[in-house]
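The structure file upload.cif is reproduced below (mmCIF, C-alpha atoms).
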```cif
data_data
loop_
_atom_site.label_atom_id
_atom_site.label_comp_id
_atom_site.auth_asym_id
_atom_site.auth_seq_id
_atom_site.Cartn_x
_atom_site.Cartn_y
_atom_site.Cartn_z
CA MET A 1180 -5.71 156.07 80.57
CA SER A 1181 -2.80 155.86 82.94
CA ASN A 1182 0.57 157.48 82.72
CA THR A 1183 2.31 155.95 79.73
CA LYS A 1184 5.18 158.35 79.31
CA ASN A 1185 7.71 155.71 80.38
CA GLU A 1186 6.42 153.12 77.95
CA TRP A 1187 8.49 152.16 74.97
CA PRO A 1188 6.65 153.34 71.85
CA LEU A 1189 4.30 151.04 69.97
CA TRP A 1190 5.24 149.62 66.55
CA GLU A 1191 3.14 147.83 63.95
CA VAL A 1192 4.76 144.72 62.50
CA PHE A 1193 4.45 143.53 58.89
CA VAL A 1194 5.93 140.21 57.81
CA ARG A 1195 6.64 138.81 54.33
CA SER A 1196 6.12 135.10 54.74
CA LYS A 1197 8.06 134.14 51.62
CA ALA A 1198 9.73 135.76 48.66
CA GLY A 1199 7.22 137.02 46.12
CA LEU A 1200 4.41 137.73 48.59
CA ASP A 1201 3.28 141.00 50.16
CA HIS A 1202 4.24 142.07 53.64
CA LYS A 1203 1.21 141.46 55.81
CA HIS A 1204 0.26 143.10 59.09
CA CYS A 1205 0.60 140.62 61.91
CA GLY A 1206 0.48 142.57 65.16
CA SER A 1207 2.23 145.17 67.24
CA LEU A 1208 4.82 145.45 69.97
CA HIS A 1209 6.66 147.95 72.16
CA ALA A 1210 10.31 148.73 71.48
CA ALA A 1211 12.67 151.58 72.30
CA ASP A 1212 13.91 152.03 68.72
CA SER A 1213 13.65 150.60 65.23
CA ALA A 1214 16.52 148.13 65.57
CA MET A 1215 15.01 146.71 68.74
CA ALA A 1216 11.58 146.61 67.10
CA ILE A 1217 12.94 144.44 64.27
CA GLN A 1218 14.74 142.17 66.72
CA MET A 1219 11.67 141.75 68.90
CA ALA A 1220 9.38 141.29 65.91
CA ARG A 1221 11.58 138.39 64.89
CA ASP A 1222 11.26 136.80 68.33
CA VAL A 1223 7.56 137.49 68.79
CA TYR A 1224 6.15 136.92 65.31
CA THR A 1225 8.51 134.58 63.44
CA ARG A 1226 9.51 131.77 65.80
CA ARG A 1227 8.42 129.13 63.29
CA GLN A 1228 9.76 130.26 59.93
CA GLU A 1229 6.80 132.57 59.38
CA GLY A 1230 8.94 135.23 57.77
CA THR A 1231 11.69 136.18 55.36
CA SER A 1232 11.44 139.94 55.81
CA ILE A 1233 10.02 142.31 58.42
CA TRP A 1234 8.79 145.91 58.28
CA VAL A 1235 8.13 147.87 61.44
CA VAL A 1236 6.49 151.27 61.59
CA ARG A 1237 5.61 153.46 64.55
CA SER A 1238 1.89 152.98 65.22
CA GLU A 1239 1.36 156.72 65.55
CA GLN A 1240 2.51 157.08 61.92
CA ILE A 1241 -0.31 154.94 60.55
CA VAL A 1242 -3.15 156.93 59.05
CA ALA A 1243 -6.34 154.90 58.87
CA SER A 1244 -9.73 155.45 57.30
CA ASP A 1245 -12.53 156.18 59.72
CA PRO A 1246 -15.00 153.29 60.15
CA VAL A 1247 -17.82 155.85 60.12
CA GLU A 1248 -16.90 156.70 56.54
CA LYS A 1249 -16.95 153.07 55.46
CA GLY A 1250 -20.16 153.60 53.52
CA SER A 1251 -19.16 156.72 51.63
CA LEU A 1252 -15.73 155.29 50.84
CA PHE A 1253 -16.58 151.80 49.76
CA GLU A 1254 -20.24 151.52 48.86
CA PRO A 1255 -19.89 153.35 45.53
CA ALA A 1256 -18.10 150.24 44.26
CA ASP A 1257 -21.11 148.05 45.04
CA ASP A 1258 -23.15 149.03 41.96
CA LYS A 1259 -20.29 148.98 39.48
CA VAL A 1260 -20.45 145.35 38.57
CA TYR A 1261 -19.38 146.23 35.04
CA ARG A 1262 -15.86 146.61 36.44
CA HIS A 1263 -15.68 142.83 36.76
CA PRO A 1264 -14.97 140.55 33.80
CA THR A 1265 -17.84 138.26 34.79
CA PHE A 1266 -20.31 141.05 33.92
CA TYR A 1267 -19.87 140.37 30.21
CA GLU A 1268 -21.56 137.40 28.60
CA LEU A 1269 -19.62 136.21 25.64
CA PRO A 1270 -20.03 133.20 23.32
CA GLU A 1271 -18.35 130.03 24.54
CA GLU A 1272 -16.36 129.52 21.36
CA LEU A 1273 -14.23 132.48 22.40
CA ASN A 1274 -12.74 130.15 25.00
CA HIS A 1275 -10.76 132.10 27.52
CA MET A 1276 -10.97 135.81 26.95
CA MET B 748 -7.42 128.90 79.85
CA TYR B 749 -8.63 131.80 80.65
CA THR B 750 -12.25 132.59 80.49
CA GLN B 751 -12.08 132.35 84.27
CA ALA B 752 -11.50 136.08 84.13
CA MET B 753 -15.01 136.82 83.04
CA ASP B 754 -16.56 134.72 85.71
CA LEU B 755 -14.56 136.60 88.26
CA MET B 756 -15.73 140.02 87.12
CA ALA B 757 -17.30 141.21 90.30
CA ARG B 758 -20.96 140.71 89.95
CA GLU B 759 -20.96 144.33 89.05
CA ALA B 760 -24.22 146.10 88.84
CA ARG B 761 -24.18 147.73 85.46
CA PRO B 762 -25.08 151.34 85.94
CA LYS B 763 -28.60 152.05 84.81
CA VAL B 764 -28.20 155.25 82.90
CA VAL B 765 -30.76 156.93 80.79
CA LYS B 766 -29.62 156.60 77.20
CA SER B 767 -30.32 159.02 74.42
CA ALA B 768 -32.16 157.90 71.31
CA GLU B 769 -28.91 158.15 69.39
CA GLU B 770 -27.10 155.90 71.85
CA LEU B 771 -29.89 153.37 71.74
CA ALA B 772 -29.75 153.35 67.96
CA ARG B 773 -26.00 152.76 68.03
CA GLU B 774 -26.41 149.91 70.50
CA GLU B 775 -29.08 148.39 68.35
CA ALA B 776 -26.88 148.60 65.28
CA PHE B 777 -24.05 147.01 67.26
CA GLU B 778 -26.25 144.14 68.43
CA ALA B 779 -27.39 143.62 64.86
CA ARG B 780 -23.79 143.33 63.69
CA ILE B 781 -23.10 140.75 66.43
CA ASP B 782 -26.23 138.82 65.43
CA ALA B 783 -25.11 138.83 61.82
CA GLY B 784 -21.81 137.27 62.88
CA ASP B 785 -19.80 140.39 62.00
CA PHE B 786 -16.38 140.93 63.52
CA ILE B 787 -15.88 144.11 65.52
CA GLU B 788 -12.65 145.99 64.83
CA ALA B 789 -10.74 148.31 67.16
CA LYS B 790 -12.05 151.58 65.80
CA ASP B 791 -15.66 150.50 65.46
CA TRP B 792 -18.20 151.84 67.91
CA MET B 793 -18.90 149.42 70.77
CA PRO B 794 -20.82 149.62 74.05
CA ASP B 795 -18.68 150.52 77.08
CA HIS B 796 -19.46 147.28 78.83
CA TYR B 797 -18.36 145.25 75.80
CA ARG B 798 -15.06 147.15 75.79
CA LYS B 799 -14.61 146.75 79.53
CA THR B 800 -15.39 143.03 79.48
CA LEU B 801 -12.87 142.48 76.71
CA VAL B 802 -10.11 144.53 78.33
CA ARG B 803 -10.56 142.49 81.46
CA GLN B 804 -10.68 139.15 79.68
CA ILE B 805 -7.81 139.77 77.25
CA SER B 806 -5.49 141.35 79.81
CA GLN B 807 -6.08 138.54 82.29
CA HIS B 808 -5.50 136.04 79.53
CA ALA B 809 -2.19 137.81 78.80
CA HIS B 810 -1.24 137.83 82.49
CA SER B 811 -1.92 134.08 82.60
CA GLU B 812 0.50 133.46 79.75
CA ILE B 813 3.20 135.53 81.43
CA VAL B 814 2.75 134.10 84.93
CA GLY B 815 2.46 130.67 83.29
CA MET B 816 6.12 130.96 82.30
CA LEU B 817 7.13 130.72 85.96
CA PRO B 818 6.16 127.16 86.95
CA GLU B 819 7.76 125.75 83.80
CA GLY B 820 10.74 128.08 83.87
CA ASN B 821 11.45 126.45 87.20
CA TRP B 822 12.63 123.32 85.36
CA ILE B 823 14.62 124.76 82.45
CA THR B 824 17.99 124.38 84.17
CA ARG B 825 17.07 120.94 85.47
CA ALA B 826 15.57 119.36 82.36
CA PRO B 827 16.89 115.78 82.14
CA THR B 828 18.44 116.07 78.65
CA LEU B 829 19.54 118.76 76.22
CA LYS B 830 16.64 117.82 73.94
CA ARG B 831 14.08 118.31 76.73
CA LYS B 832 15.73 121.57 77.71
CA ALA B 833 15.55 122.93 74.15
CA ILE B 834 11.88 121.91 73.92
CA LEU B 835 11.03 123.48 77.27
CA LEU B 836 12.86 126.70 76.38
CA ALA B 837 10.89 126.91 73.13
CA LYS B 838 7.63 126.32 74.94
CA VAL B 839 8.28 128.91 77.63
CA GLN B 840 9.30 131.39 74.93
CA ASP B 841 6.00 130.67 73.18
CA GLU B 842 4.10 131.50 76.36
CA GLY B 843 5.91 134.83 76.50
CA GLY B 844 4.98 135.42 72.86
CA HIS B 845 1.35 134.57 73.56
CA GLY B 846 1.32 137.09 76.38
CA LEU B 847 2.64 139.75 74.00
CA TYR B 848 0.08 139.01 71.23
CA LEU B 849 -2.64 139.37 73.82
CA TYR B 850 -1.37 142.55 75.48
CA ALA B 851 -1.20 144.11 72.02
CA ALA B 852 -4.79 143.01 71.31
CA ALA B 853 -5.95 144.54 74.61
CA GLU B 854 -4.16 147.79 73.82
CA THR B 855 -6.28 148.23 70.71
CA LEU B 856 -9.19 148.80 73.11
CA GLY B 857 -7.55 151.89 74.60
CA THR B 858 -5.87 150.50 77.68
CA SER B 859 -2.10 150.87 78.05
CA ARG B 860 0.58 148.26 78.65
CA ASP B 861 1.70 150.05 81.82
CA GLU B 862 -1.83 150.10 83.12
CA MET B 863 -2.16 146.34 82.61
CA THR B 864 1.25 145.60 84.11
CA GLU B 865 0.39 147.74 87.12
CA ALA B 866 -2.85 145.81 87.63
CA LEU B 867 -0.98 142.49 87.56
CA LEU B 868 1.82 143.60 89.86
CA SER B 869 -0.48 145.12 92.44
CA GLY B 870 -2.59 141.98 92.54
CA LYS B 871 -5.63 143.84 91.26
CA ALA B 872 -5.83 141.78 88.07
CA LYS B 873 -6.19 138.03 88.25
CA TYR B 874 -4.59 135.31 86.17
CA SER B 875 -5.58 131.68 85.78
CA SER B 876 -5.75 129.84 89.11
CA ILE B 877 -3.72 126.92 87.71
CA PHE B 878 -0.41 128.79 87.86
CA ASN B 879 -0.59 129.08 91.63
CA TYR B 880 0.33 125.41 91.98
CA PRO B 881 3.98 124.32 92.29
CA THR B 882 5.98 122.17 89.85
CA LEU B 883 7.55 119.71 92.25
CA THR B 884 9.00 117.10 89.87
CA TRP B 885 10.01 116.76 86.22
CA ALA B 886 6.79 114.83 85.60
CA ASP B 887 4.86 118.00 86.43
CA ILE B 888 6.28 119.58 83.28
CA GLY B 889 4.89 116.77 81.14
CA VAL B 890 1.54 116.89 82.92
CA ILE B 891 1.28 120.65 82.46
CA GLY B 892 1.76 120.18 78.73
CA TRP B 893 -0.78 117.37 78.56
CA LEU B 894 -3.50 118.53 80.97
CA VAL B 895 -3.02 122.27 81.44
CA ASP B 896 -2.29 123.05 77.81
CA GLY B 897 -4.90 120.50 76.81
CA ALA B 898 -7.50 122.37 78.86
CA ALA B 899 -6.23 125.65 77.46
CA ILE B 900 -6.68 124.43 73.88
CA MET B 901 -10.23 123.30 74.65
CA ASN B 902 -10.94 126.76 75.96
CA GLN B 903 -9.07 128.76 73.36
CA VAL B 904 -10.23 127.18 70.13
CA PRO B 905 -13.73 128.72 70.45
CA LEU B 906 -12.08 132.10 71.18
CA CYS B 907 -10.71 132.11 67.63
CA ARG B 908 -14.30 133.01 66.68
CA CYS B 909 -14.61 135.77 69.28
CA SER B 910 -16.58 138.74 67.95
CA TYR B 911 -13.70 141.10 68.73
CA ALA B 912 -11.40 140.62 65.75
CA PRO B 913 -8.00 141.61 67.21
CA TYR B 914 -8.54 139.07 70.01
CA ALA B 915 -9.72 136.41 67.57
CA ARG B 916 -6.65 136.96 65.38
CA ALA B 917 -4.33 136.68 68.39
CA MET B 918 -6.07 133.47 69.42
CA ILE B 919 -5.65 131.94 65.97
CA ARG B 920 -1.92 132.53 66.30
CA VAL B 921 -1.89 131.12 69.84
CA CYS B 922 -3.85 127.99 68.93
CA ARG B 923 -1.57 127.26 66.01
CA GLU B 924 1.32 127.06 68.45
CA GLU B 925 -0.44 125.40 71.35
CA SER B 926 -0.74 121.94 69.87
CA PHE B 927 3.04 121.48 70.06
CA HIS B 928 2.80 122.25 73.77
CA GLN B 929 0.33 119.50 74.46
CA ARG B 930 2.06 116.93 72.28
CA GLN B 931 5.51 117.49 73.76
CA GLY B 932 4.09 117.09 77.26
CA TYR B 933 2.23 113.90 76.47
CA GLU B 934 5.23 112.45 74.64
CA SER B 935 7.57 113.11 77.56
CA LEU B 936 5.12 111.31 79.88
CA LEU B 937 4.83 108.45 77.43
CA VAL B 938 8.60 107.98 77.51
CA MET B 939 8.54 107.85 81.31
CA MET B 940 5.63 105.40 81.39
CA GLN B 941 6.99 103.09 78.69
CA LYS B 942 10.73 103.20 79.35
CA GLY B 943 10.98 104.54 82.86
CA THR B 944 11.74 102.89 86.17
CA THR B 945 9.00 102.04 88.67
CA ALA B 946 9.89 105.21 90.55
CA GLN B 947 9.56 107.32 87.39
CA LYS B 948 6.19 105.80 86.59
CA ALA B 949 5.05 106.55 90.13
CA MET B 950 6.24 110.12 89.64
CA VAL B 951 3.98 110.52 86.61
CA GLN B 952 0.98 109.14 88.49
CA ASP B 953 1.71 111.46 91.41
CA ALA B 954 1.85 114.47 89.11
CA VAL B 955 -1.47 113.50 87.49
CA ASN B 956 -3.01 113.13 90.94
CA ARG B 957 -1.98 116.64 91.89
CA TRP B 958 -2.89 118.41 88.63
CA TRP B 959 -6.16 116.71 87.68
CA TRP B 960 -8.57 118.72 89.80
CA PRO B 961 -6.83 122.08 89.35
CA ALA B 962 -6.95 121.42 85.58
CA LEU B 963 -10.73 120.86 85.73
CA MET B 964 -11.06 124.11 87.68
CA MET B 965 -9.40 126.00 84.83
CA PHE B 966 -12.74 126.07 83.01
CA GLY B 967 -14.15 128.28 85.74
CA PRO B 968 -17.21 127.95 87.96
CA ALA B 969 -20.20 125.80 87.05
CA ASP B 970 -22.59 127.44 84.59
CA LYS B 971 -25.16 128.04 87.28
CA ASP B 972 -22.57 130.07 89.23
CA SER B 973 -21.29 131.99 86.25
CA PRO B 974 -23.55 135.02 86.06
CA ASN B 975 -21.53 136.99 83.51
CA SER B 976 -21.48 134.23 80.99
CA GLU B 977 -24.86 134.97 79.51
CA GLN B 978 -23.98 138.50 78.38
CA SER B 979 -20.60 137.33 77.09
CA MET B 980 -22.24 134.56 75.08
CA ARG B 981 -24.76 137.05 73.78
CA TRP B 982 -21.93 139.27 72.55
CA GLY B 983 -19.94 136.45 71.04
CA ILE B 984 -17.03 137.02 73.41
CA LYS B 985 -17.52 133.61 74.88
CA ARG B 986 -18.79 130.86 72.61
CA VAL B 987 -19.12 127.72 74.73
CA SER B 988 -20.12 127.40 78.40
CA ASN B 989 -17.73 126.37 81.21
CA ASP B 990 -19.47 123.09 81.95
CA THR B 991 -19.69 122.10 78.29
CA LEU B 992 -15.98 122.68 77.81
CA ARG B 993 -15.11 120.86 81.04
CA GLN B 994 -17.12 117.82 79.96
CA LYS B 995 -15.50 117.88 76.55
CA PHE B 996 -12.09 117.98 78.19
CA VAL B 997 -12.83 115.02 80.46
CA ASP B 998 -14.19 113.00 77.55
CA ALA B 999 -11.13 113.71 75.45
CA THR B 1000 -8.62 113.15 78.24
CA ILE B 1001 -9.67 109.87 79.83
CA PRO B 1002 -8.83 107.75 76.75
CA GLN B 1003 -5.45 109.52 76.63
CA ALA B 1004 -4.85 108.58 80.29
CA GLU B 1005 -5.64 104.97 79.44
CA ILE B 1006 -3.10 104.91 76.62
CA LEU B 1007 -0.56 106.47 78.96
CA GLY B 1008 -1.32 103.95 81.70
CA VAL B 1009 -2.31 106.38 84.45
CA THR B 1010 -5.56 106.94 86.33
CA VAL B 1011 -7.21 110.15 87.42
CA PRO B 1012 -7.89 110.67 91.13
CA ASP B 1013 -11.66 110.52 90.91
CA PRO B 1014 -13.49 107.48 92.37
CA ASP B 1015 -16.76 108.72 90.85
CA LEU B 1016 -15.48 108.78 87.30
CA LYS B 1017 -17.45 106.43 85.10
CA TRP B 1018 -18.63 106.09 81.54
CA ASN B 1019 -22.26 106.98 81.07
CA ALA B 1020 -23.47 105.03 78.05
CA GLU B 1021 -26.71 106.93 77.87
CA ARG B 1022 -25.04 110.36 77.69
CA GLU B 1023 -22.04 108.93 75.81
CA SER B 1024 -19.87 110.93 78.18
CA TYR B 1025 -17.99 110.43 81.43
CA ASP B 1026 -19.69 111.24 84.71
CA PHE B 1027 -17.20 112.72 87.12
CA GLY B 1028 -17.04 113.63 90.79
CA ALA B 1029 -17.81 116.95 92.46
CA ILE B 1030 -15.19 119.68 92.19
CA ASP B 1031 -14.02 121.26 95.44
CA TRP B 1032 -15.00 124.83 94.65
CA SER B 1033 -13.83 126.05 98.03
CA GLU B 1034 -10.29 125.25 96.88
CA PHE B 1035 -10.88 127.13 93.63
CA TRP B 1036 -12.11 130.27 95.36
CA ARG B 1037 -9.28 130.06 97.91
CA VAL B 1038 -6.68 129.97 95.13
CA VAL B 1039 -8.39 132.72 93.16
CA GLY B 1040 -8.58 134.77 96.34
CA GLY B 1041 -4.81 134.67 96.77
CA GLU B 1042 -4.43 131.72 99.12
CA GLY B 1043 -3.12 129.08 96.72
CA PRO B 1044 0.23 127.38 97.34
CA CYS B 1045 2.22 129.81 95.15
CA ASN B 1046 0.21 133.04 94.78
CA ARG B 1047 2.67 135.13 96.78
CA GLU B 1048 5.70 133.59 95.12
CA ARG B 1049 4.32 134.23 91.62
CA LEU B 1050 3.49 137.87 92.27
CA ALA B 1051 6.81 138.43 94.01
CA ALA B 1052 8.65 136.95 90.99
CA ARG B 1053 6.78 139.25 88.57
CA ASN B 1054 7.39 142.29 90.75
CA LYS B 1055 11.08 141.48 91.04
CA ALA B 1056 11.43 141.04 87.28
CA TRP B 1057 9.71 144.37 86.68
CA ASP B 1058 11.80 146.23 89.26
CA ASP B 1059 15.08 144.63 88.20
CA GLY B 1060 14.33 145.48 84.58
CA ALA B 1061 13.60 149.16 85.24
CA TRP B 1062 17.12 150.35 84.47
CA VAL B 1063 17.12 148.41 81.19
CA ARG B 1064 13.86 149.99 80.08
CA GLU B 1065 15.12 153.44 81.00
CA ALA B 1066 18.55 152.98 79.43
CA ALA B 1067 17.07 151.71 76.15
CA MET B 1068 14.78 154.73 75.96
CA ALA B 1069 17.61 157.15 76.82
CA HIS B 1070 19.77 155.55 74.10
CA SER B 1071 16.98 155.82 71.58
CA LYS B 1072 16.44 159.52 72.36
CA LYS B 1073 20.15 160.22 72.11
CA GLN B 1074 20.34 158.51 68.71
CA ALA B 1075 17.34 160.49 67.49
CA THR B 1076 18.91 163.79 68.60
CA LYS B 1077 22.18 162.87 66.87
CA ALA B 1078 20.37 161.97 63.68
CA GLN B 1079 18.53 165.31 63.74
CA ALA B 1080 21.75 167.26 64.26
CA ALA B 1081 23.52 165.45 61.42
#
```
Translate the structure described by the file into structure tokens.
Amino acid sequence: MSNTKNEWPLWEVFVRSKAGLDHKHCGSLHAADSAMAIQMARDVYTRRQEGTSIWVVRSEQIVASDPVEKGSLFEPADDKVYRHPTFYELPEELNHM
Amino acid sequence: MYTQAMDLMAREARPKVVKSAEELAREEAFEARIDAGDFIEAKDWMPDHYRKTLVRQISQHAHSEIVGMLPEGNWITRAPTLKRKAILLAKVQDEGGHGLYLYAAAETLGTSRDEMTEALLSGKAKYSSIFNYPTLTWADIGVIGWLVDGAAIMNQVPLCRCSYAPYARAMIRVCREESFHQRQGYESLLVMMQKGTTAQKAMVQDAVNRWWWPALMMFGPADKDSPNSEQSMRWGIKRVSNDTLRQKFVDATIPQAEILGVTVPDPDLKWNAERESYDFGAIDWSEFWRVVGGEGPCNRERLAARNKAWDDGAWVREAAMAHSKKQATKAQAA
């Protein structure tokens, strides 16, 4: 990797598309500080009314699960079908339980 | 537009290294994921050559978007009306945005923005050959929207299903915005052809004559001369071959030219009822390779413009960083 010490830091951008919905990750960008990151996120990711609110967070602050541990983290849920309502067969006359 | 990049990857001999059993197993697992139609994410294991191919393709795609701002930017101050100026500004801003989505996608593979910028500015990295042609008249702006963005859409839609997920996601965003680009271009030509003077109509035809062949070259060399394609298809980086896309583009575009009332400069163009497709004339590949090799009409001008922008912006980049550090120190002290 080349010399990146002069690069503006990298930020992850999360946008809430409309009131009531979650902020959703939509990409990343370089900016010198948080105010600039918000400004640039607006220009880069919401040129067509895609957003009503923006979060930015320094990419280096994101802690992510390791793909290698995908199995040990998520597979235990595979055999616990009883956690889903559809696992239980109930008489139809109950209507919507 | 921009699968050209892959075709231009030097016909590199891939180093034949002896792989350990563990490496082979990982490669096999990777291939199996590709075969199953799985998306590959940034932190997943991937073969070096897959990573390298993608860095090259995505960064060159990004460079194309950024350099692509130049020929159109040339007409922002001279757009014929305020409406056309606002539209052109929005379009050029979109191209800048597309470049940024793509640089960010390439960075997930472990390359840096500076590294990519350096490769563009030094001339080491390529960008699409189409942007080395000049925009001589206002009609060129309409034709770029119609033909150049039309070709780009043809090329980019299959990339939304690229096996590398960050690239696919960026392409979905790009494609959503690209259709406006093509429609605004076609509509501006339609106005000139339906309401314009004889001279304006001639201007449109002249622009089509100049852009037609370069637009067909955007799809890259013929399949038989595209040695890297096979591996890229295998890995789901590229989904449809150059010649297939080119044919699709011609078939879609000729009826649009008829509605517009222009012709394309190809005496060999003719409907083939048996194939249900247009036959078209031979492409001058010597021109393509000349332009790719740096000898197109505007190669030097484009690179000089990017270098100047980078150099002129240096103090801004430094000042913004210095300001940010100063604010951080102040906040710590408080």
**OP:** Output the contact residues of chain B with respect to chain A at a cut-off of 8 Å, based on all atoms listed in the file, as a PyMOL selection string.
**Re:** chain B and resi 790-791+844+847-848+851+857-862+1064-1065+1067-1068+1071
**OP:** Starting from the point (2.2, 140.0, 53.0), work out which residues of protein, DNA or RNA have an atom no more than 12 Å away when counting all atoms listed in the file; state them as JSON, numbers by chain.
**Re:** {"A": [1192, 1193, 1194, 1195, 1196, 1197, 1198, 1199, 1200, 1201, 1202, 1203, 1204, 1205, 1229, 1230, 1231, 1232, 1233, 1234]}
Original post:
Using the chain letters and numbers from the file, which residues does the PyMOL selection byres ((chain B and resi 927) around 12) grab, as a list in words?
Top reply: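 Answer for the PyMOL selection byres ((chain B and resi 927) around 12): Arg1227 of chain A; Ile834, Leu835, Ala837, Lys838, Val839, Asp841, Glu842, Gly892, Trp893, Asp896, Gly897, Ile900, Val921, Cys922, Arg923, Glu924, Glu925, Ser926, His928, Gln929, Arg930, Gln931, Gly932, Tyr933 and Glu934 of chain B.
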Subject >> Point-to-point distance from CA of Thr1000 in chain B to CA of Met816 in chain B, Å rounded to tenths >> reply: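 Atom-to-atom, CA of Thr1000 in chain B and CA of Met816 in chain B are spaced 23.5 Å apart.
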**OP:** Calculate how many Å separate CA of Thr1225 in chain A from CA of Leu906 in chain B, rounding to one decimal.
**Re:**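 Atom-to-atom, CA of Thr1225 in chain A to CA of Leu906 in chain B, that is 22.1 Å.
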Original post:
Taking the file as shown, what set of residues would the PyMOL selection byres ((chain B and resi 970) around 7) give back, as a list of chain:residue names?
Top reply: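 Taken over the shown coordinates, the PyMOL selection byres ((chain B and resi 970) around 7) returns B:Pro968, B:Ala969, B:Lys971, B:Asp972, B:Ser973, B:Ser988, B:Asn989, B:Asp990.
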**OP:** Find the distance between CA of Val904 in chain B and CA of Met918 in chain B and write it in Å to one decimal.
**Re:** 7.6 Å
Subject >> For Ala915 in chain B, the nearest of the candidates B:Ala866, B:Ala954, B:Ile984, B:Ala1061, counting all atoms listed in the file >> reply: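 So, comparing all the options, the nearest one is B:Ile984.
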Find the smallest box with edges along x, y and z containing every listed atom of range 1023-1031 of chain B, then add 6 Å on each side and report centre and edge lengths in Å to one decimal, as JSON.
```
{"center_x": -18.0, "center_y": 115.1, "center_z": 85.6, "size_x": 20.0, "size_y": 24.3, "size_z": 31.6}
```
Original post:
What do you get, as a list of chain:residue names, if you spell out every residue that the PyMOL selection byres ((chain B and resi 780) around 12) selects here?
Top reply: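 After applying the PyMOL selection byres ((chain B and resi 780) around 12), what remains is B:Arg773, B:Glu774, B:Glu775, B:Ala776, B:Phe777, B:Glu778, B:Ala779, B:Ile781, B:Asp782, B:Ala783, B:Gly784, B:Asp785, B:Phe786, B:Ile787, B:Glu788, B:Asp791, B:Trp792, B:Met793, B:Ser910, B:Tyr911, B:Arg981, B:Trp982, B:Gly983.
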**OP:** Can you pull out every residue within 8 Å of Gln952 in chain B, counting only C-alpha atoms, but drop anything in the same chain fewer than 4 positions away, and send it as a list of chain:residue names?
**Re:**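 That gives B:Lys948, B:Asn956, B:Val1009, B:Thr1010.
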Subject >> Pick from B:Glu769, B:Asp1059, B:Glu1048, B:Met964, whichever lies nearest to Asp1031 in chain B using all atoms listed in the file >> reply: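 That would be B:Met964, the residue with the smallest distance to Asp1031 in chain B.
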Subject >> From B:Ala1056, B:Ile1006, B:Leu817, B:Leu867, residue lying nearest Pro881 in chain B [all atoms listed in the file] >> reply: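 Smallest separation from Pro881 in chain B among the options: B:Leu817.
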